[in-house]
Structure formats: structure tokens, C-alpha cells
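Asker: Sharing a structure here in C-alpha cells format.
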There are 2 protein chains.
Amino acid sequence: MGLTKTENFTQEQNALASVAKVIGHPARIAILEHIIKSQSCVCGSIVDEIGLAQSTISQHLAELKRVGLIQGTIEGTSVCYCVNVETWESFKNQFNTLFDSAIKGIECC
Amino acid sequence: MGLTKTENFTQEQNALASVAKVIGHPARIAILEHIIKSQSCVCGSIVDEIGLAQSTISQHLAELKRVGLIQGTIEGTSVCYCVNVETWESFKNQFNTLFDSAIKGIECC
DNA sequence: GCTATTAATCGTAATATTGCGATATAACGA
DNA sequence: TCGTTATATCGCAATATTACGATTAATAGC
């Protein structure tokens with residue numbers, strides 16, 4: 001099959017899973033960390049920093065943009081990427097709701 | 001290819017990605033929420049709750065167990081699953097470190 | 001011992017993801 | 001205009017994931 005049965009789950013479950021899935025790749029975490037660290041919103045520098053082909057990085061950036069974790073602005077020939085603070089706040093809250101409810105739960109075995 | 005180049009990234013990046021990836025499936029989020037909600041650590045009840053085959057649920061449980069999010073104890077013919085609080089605390093901290101550094105970052109475009 | 005129940009594992013088909021090279025697009029400077 | 005630079009997109013091959021049914025293993029109750 002290979003096809004996730006999204007219809008079995010709530011919109012919230014699907015949405016949260018979608019973001020976690022995008023974060024769930026080391027290259028995308030490395031990209032995020034690099035964007036955060038280099039406050040100047042560098043773009044092509046990501047390709048130099050991480051040892052992956054330009055087309056591969058471009059695809060990862062597109063995934064990050066798709067779920068709203070980052071946004072890009074065209075600046076001449078290059079594109080300036082940076083994090084979308086509002087979206088991050090929202091995801092932080094959703095993850096922490098799950099984390100906290102788990103931590104508060106009874107450890108029974 | 002289809003093969004993630006883990007050697008390009010740090011151990012921390014790979015580890016965090018690994019957990020996020022496991023959380024990144026709606027069925028596993030639903031399983032986690034169910035385990036948290038039903039404090040009695042029910043096991044086979046997950047199959048009834050979520051409309052997936054028993055073998056599929058078992059595989060998802062194995063993934064969750066693999067990264068340490070849950071643990072299972074054999075109780076007669078059934079298995080009692082519950083969250084691993086220590087692991088959750090650790091992941092919560094790692095995710096929040098990433099989230100907070102992003103939110104503190106300059107939004108430049 | 002036999003049978004029912006529960007959960008894990010195996011084998012598999014369908015689909016998704018990852019990564020690359022090649023190509024396209026788009027803007028800048030000479 | 002032409003060449004250069006930067007990024008996106010396409011097409012492909014290799015691998016991973018998802019889900020299922022069938023089977024196995026292990027325990028409980030008779």
C-alpha cells in the first residue's frame with residue numbers, strides 16, 4: 001500500500017504529523033539551524049554548509065516552506081529565507097501540549 | 001537514491017530527526033494520545049480505537065518503542081503500553097531548544 | 001493436552017521519499 | 001544583448017514506508 005490512511009485521523013492529528021514529518025529529516029534540521037544561526041538569512045550558502053546537491057537543498061527548502069516553517073523573499077538573483085515566527089509559536093504550543101500531557105500521565109508499567 | 005545521507009549531519013541532528021520522523025505519522029500520534037488518555041495502559045484496545053489492522057498497529061508500536069517514546073510490559077496474553085516519561089522530557093527539551101532559538105531569531109524578510 | 005486469545009513477525013504490493021544530474025527560469029552586470 | 005549567477009523544476013533510480021493478510025509464538029483457561 002504505502003498510502004497513509006489520513007481519513008482515519010483528525011485534522012489536528014494529520015496537521016501535527018505533517019509538520020513533525022518535515023522536521024524529521026536531518027538535512028532539514030541542519031537547514032533550519034543554519035537559517036537561525038546566520039541571522040542574515042543567507043540562501044545559497046546552505047548548499048556550501050551542507051554537503052548536498054543544490055537541487056536537493058532546494059527541494060528541502062520547498063518542504064519547509066510548504067508547512068510554513070520558513071518563508072522566502074526574492075532579492076535580486078538570490079532568495080532570502082528565514083523562519084516564520086508565528087508558525088513556530090503555533091507548532092511549539094501543539095507539541096508541548098502533547099509532550100506535557102504525556103509527562104503528566106501515570107507511568108504504569 | 002532514497003537513502004538519507006546521515007554521515008553529513010551531527011549525531012544530535014540525526015537523533016532529533018529520528019524522533020520527529022516517528023512522531024510524523026497521524027496513526028502514531030493517535031496511538032500516543034490514546035495511551036496517554038486511557039491511563040490504564042490498554043493495549044489491544046488501540047486496534048479497536050483506530051481503524052487499522054492489528055499487524056499495522058503492532059508495527060507502529062514497535063517504531064514508538066524503538067525510539068523510546070513508549071515501553072511495553074507483558075501481562076499475561078496482552079501487553080501493557082505506556083509512555084516513557086524520561087524520554088519525553090528529554091525530547092521536549094530538545095524540541096524547545098530548537099523552537100526557542102528560532103522564535104528569538106530576527107525575522108528579516 | 002487442546003483451544004481460544006493476544007501480539008509479533010513475515011512476505012507482499014502500493015506508494016512515498018531521497019538525492020542527483022540536467023535543464024529551465026530569472027535577474028543582474030558588462 | 002549576452003554571459004553569469006542563483007534558484008527552481010523535471011526525470012529518474014534507489015531505497016524507505018505504509019498497510020494488509022497469513023502465519024507464528026506464547027499464555028490462559030478448560
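Convention: chains lettered A, B, ... in C-alpha cells order; per-chain residue numbering from 1; ligands numbered from 1 as shown.
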Among chain B, which ones does DSSP place in strand (DSSP E), written as a PyMOL selection string?
Answerer: chain B and resi 70-75+78-83
Asker: Restricting it to N, CA and C atoms, dump the selection as a tab-separated table (two decimals), in the first residue's frame.
Answerer:
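out.tsv, freshly written:
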chain	number	residue	atom	x	y	z
B	70	ILE	N	7.65	5.03	24.04
B	70	ILE	CA	6.79	4.20	24.88
B	70	ILE	C	7.55	2.95	25.31
B	71	GLN	N	6.97	2.25	26.27
B	71	GLN	CA	7.53	0.97	26.68
B	71	GLN	C	6.38	0.01	26.92
B	72	GLY	N	6.66	-1.27	26.75
B	72	GLY	CA	5.61	-2.26	26.90
B	72	GLY	C	6.00	-3.35	27.90
B	73	THR	N	5.02	-3.79	28.67
B	73	THR	CA	5.25	-4.87	29.62
B	73	THR	C	4.25	-5.98	29.35
B	74	ILE	N	4.74	-7.19	29.30
B	74	ILE	CA	3.86	-8.32	29.04
B	74	ILE	C	3.05	-8.62	30.29
B	75	GLU	N	1.74	-8.74	30.10
B	75	GLU	CA	0.84	-9.05	31.21
B	75	GLU	C	-0.08	-10.17	30.76
B	78	SER	N	-1.73	-10.32	27.06
B	78	SER	CA	-1.71	-8.99	26.45
B	78	SER	C	-0.46	-8.21	26.86
B	79	VAL	N	-0.25	-7.07	26.21
B	79	VAL	CA	0.91	-6.23	26.50
B	79	VAL	C	0.42	-4.85	26.93
B	80	CYS	N	0.97	-4.37	28.02
B	80	CYS	CA	0.61	-3.06	28.55
B	80	CYS	C	1.60	-2.01	28.07
B	81	TYR	N	1.10	-1.03	27.34
B	81	TYR	CA	1.97	0.03	26.83
B	81	TYR	C	1.76	1.33	27.58
B	82	CYS	N	2.83	2.01	27.86
B	82	CYS	CA	2.70	3.36	28.41
B	82	CYS	C	3.89	4.21	28.01
B	83	VAL	N	3.74	5.53	28.19
B	83	VAL	CA	4.79	6.45	27.77
B	83	VAL	C	5.99	6.34	28.71
Asker: Got a sec to pull out which chain A residues are within 10 Å of chain D, counting only C-alpha atoms (C1' of nucleotides), and send them as a PyMOL selection string?
Answerer: chain A and resi 1-5+43-44+54-55+58-59+62+74+76-79
Asker: Identify all residues of region 51-106 of chain A in alpha helix (DSSP H) (DSSP on the backbone) and supply them as an MDAnalysis selection string.
Answerer: chainID A and resid 54:66 85:104
Asker: Grab the CA of Asn84 (chain A) to CA of Phe99 (chain B) distance for me, in Å with one decimal place.
Answerer: 11.1 Å
Asker: One number please: CA of Ala53 (chain A) to C1' of DC20 (chain C), in Å, one decimal.
Answerer: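 Straight-line distance from CA of Ala53 (chain A) to C1' of DC20 (chain C) works out to 7.0 Å.
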Asker: Output the contact residues of chain B with respect to chain A at a cut-off of 8 Å, based on only C-alpha atoms, as a ChimeraX atom specification.
Answerer: /B:6,8-9,13-14,16-27,29-30,33,36-37,39-41,50-51,71-73,80-85,88-89,92,96,98-99,101-103,105-109
Asker: Between C1' of DA4 (chain C) and CA of Ile57 (chain B), what is the distance, to one decimal in Å?
Answerer: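 CA of Ile57 (chain B) lies at a distance of 21.5 Å from C1' of DA4 (chain C).
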Asker: Using only C-alpha atoms (C1' of nucleotides), select each residue of chain C with any atom at most 7 Å away from an atom of chain A, and give the selection as a PDB file with N, CA and C atoms (P, O5', C5', C4', C3', O3' and C1' of nucleotides), in the first residue's frame.
Answerer:
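Final output, saved to iface_32.pdb:
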ATOM      1  P    DA C  13       3.678  -9.529  -4.544  1.00  0.00           P
ATOM      2  O5'  DA C  13       2.991  -8.103  -4.316  1.00  0.00           O
ATOM      3  C5'  DA C  13       1.568  -8.030  -4.375  1.00  0.00           C
ATOM      4  C4'  DA C  13       1.108  -6.624  -4.089  1.00  0.00           C
ATOM      5  C3'  DA C  13       1.437  -5.630  -5.198  1.00  0.00           C
ATOM      6  O3'  DA C  13       0.248  -4.930  -5.530  1.00  0.00           O
ATOM      7  C1'  DA C  13       2.214  -4.825  -3.092  1.00  0.00           C
ATOM      8  P    DA C  14       0.245  -3.777  -6.648  1.00  0.00           P
ATOM      9  O5'  DA C  14       0.266  -2.469  -5.748  1.00  0.00           O
ATOM     10  C5'  DA C  14      -0.823  -2.217  -4.871  1.00  0.00           C
ATOM     11  C4'  DA C  14      -0.569  -0.912  -4.139  1.00  0.00           C
ATOM     12  C3'  DA C  14      -0.272   0.267  -5.077  1.00  0.00           C
ATOM     13  O3'  DA C  14      -1.068   1.364  -4.672  1.00  0.00           O
ATOM     14  C1'  DA C  14       1.461   0.022  -3.473  1.00  0.00           C
ATOM     15  P    DT C  15      -1.124   2.689  -5.525  1.00  0.00           P
ATOM     16  O5'  DT C  15      -0.103   3.617  -4.728  1.00  0.00           O
ATOM     17  C5'  DT C  15      -0.360   3.887  -3.360  1.00  0.00           C
ATOM     18  C4'  DT C  15       0.869   4.481  -2.717  1.00  0.00           C
ATOM     19  C3'  DT C  15       1.358   5.770  -3.368  1.00  0.00           C
ATOM     20  O3'  DT C  15       1.112   6.813  -2.444  1.00  0.00           O
ATOM     21  C1'  DT C  15       3.140   4.350  -2.726  1.00  0.00           C
ATOM     22  P    DA C  16       1.574   8.325  -2.706  1.00  0.00           P
ATOM     23  O5'  DA C  16       2.912   8.473  -1.853  1.00  0.00           O
ATOM     24  C5'  DA C  16       2.975   7.931  -0.546  1.00  0.00           C
ATOM     25  C4'  DA C  16       4.320   8.254   0.088  1.00  0.00           C
ATOM     26  C3'  DA C  16       4.875   9.624  -0.268  1.00  0.00           C
ATOM     27  O3'  DA C  16       5.375  10.202   0.934  1.00  0.00           O
ATOM     28  C1'  DA C  16       6.436   7.935  -0.884  1.00  0.00           C
ATOM     29  P    DG C  19      18.732  13.015   1.370  1.00  0.00           P
ATOM     30  O5'  DG C  19      19.318  13.018  -0.107  1.00  0.00           O
ATOM     31  C5'  DG C  19      19.991  11.843  -0.563  1.00  0.00           C
ATOM     32  C4'  DG C  19      20.263  11.969  -2.037  1.00  0.00           C
ATOM     33  C3'  DG C  19      20.856  13.310  -2.455  1.00  0.00           C
ATOM     34  O3'  DG C  19      22.221  13.119  -2.816  1.00  0.00           O
ATOM     35  C1'  DG C  19      19.140  12.557  -3.953  1.00  0.00           C
ATOM     36  P    DA C  27      12.721  38.268 -12.615  1.00  0.00           P
ATOM     37  O5'  DA C  27      14.038  39.043 -12.139  1.00  0.00           O
ATOM     38  C5'  DA C  27      14.609  38.719 -10.876  1.00  0.00           C
ATOM     39  C4'  DA C  27      16.094  38.979 -10.915  1.00  0.00           C
ATOM     40  C3'  DA C  27      16.448  40.403 -11.383  1.00  0.00           C
ATOM     41  O3'  DA C  27      17.331  40.986 -10.436  1.00  0.00           O
ATOM     42  C1'  DA C  27      17.707  38.779 -12.563  1.00  0.00           C
ATOM     43  P    DC C  28      17.446  42.571 -10.351  1.00  0.00           P
ATOM     44  O5'  DC C  28      19.009  42.808 -10.554  1.00  0.00           O
ATOM     45  C5'  DC C  28      19.933  42.090  -9.725  1.00  0.00           C
ATOM     46  C4'  DC C  28      21.209  41.829 -10.494  1.00  0.00           C
ATOM     47  C3'  DC C  28      21.851  43.084 -11.083  1.00  0.00           C
ATOM     48  O3'  DC C  28      22.951  43.468 -10.269  1.00  0.00           O
ATOM     49  C1'  DC C  28      21.925  41.205 -12.589  1.00  0.00           C
TER      50       DC C  28
END
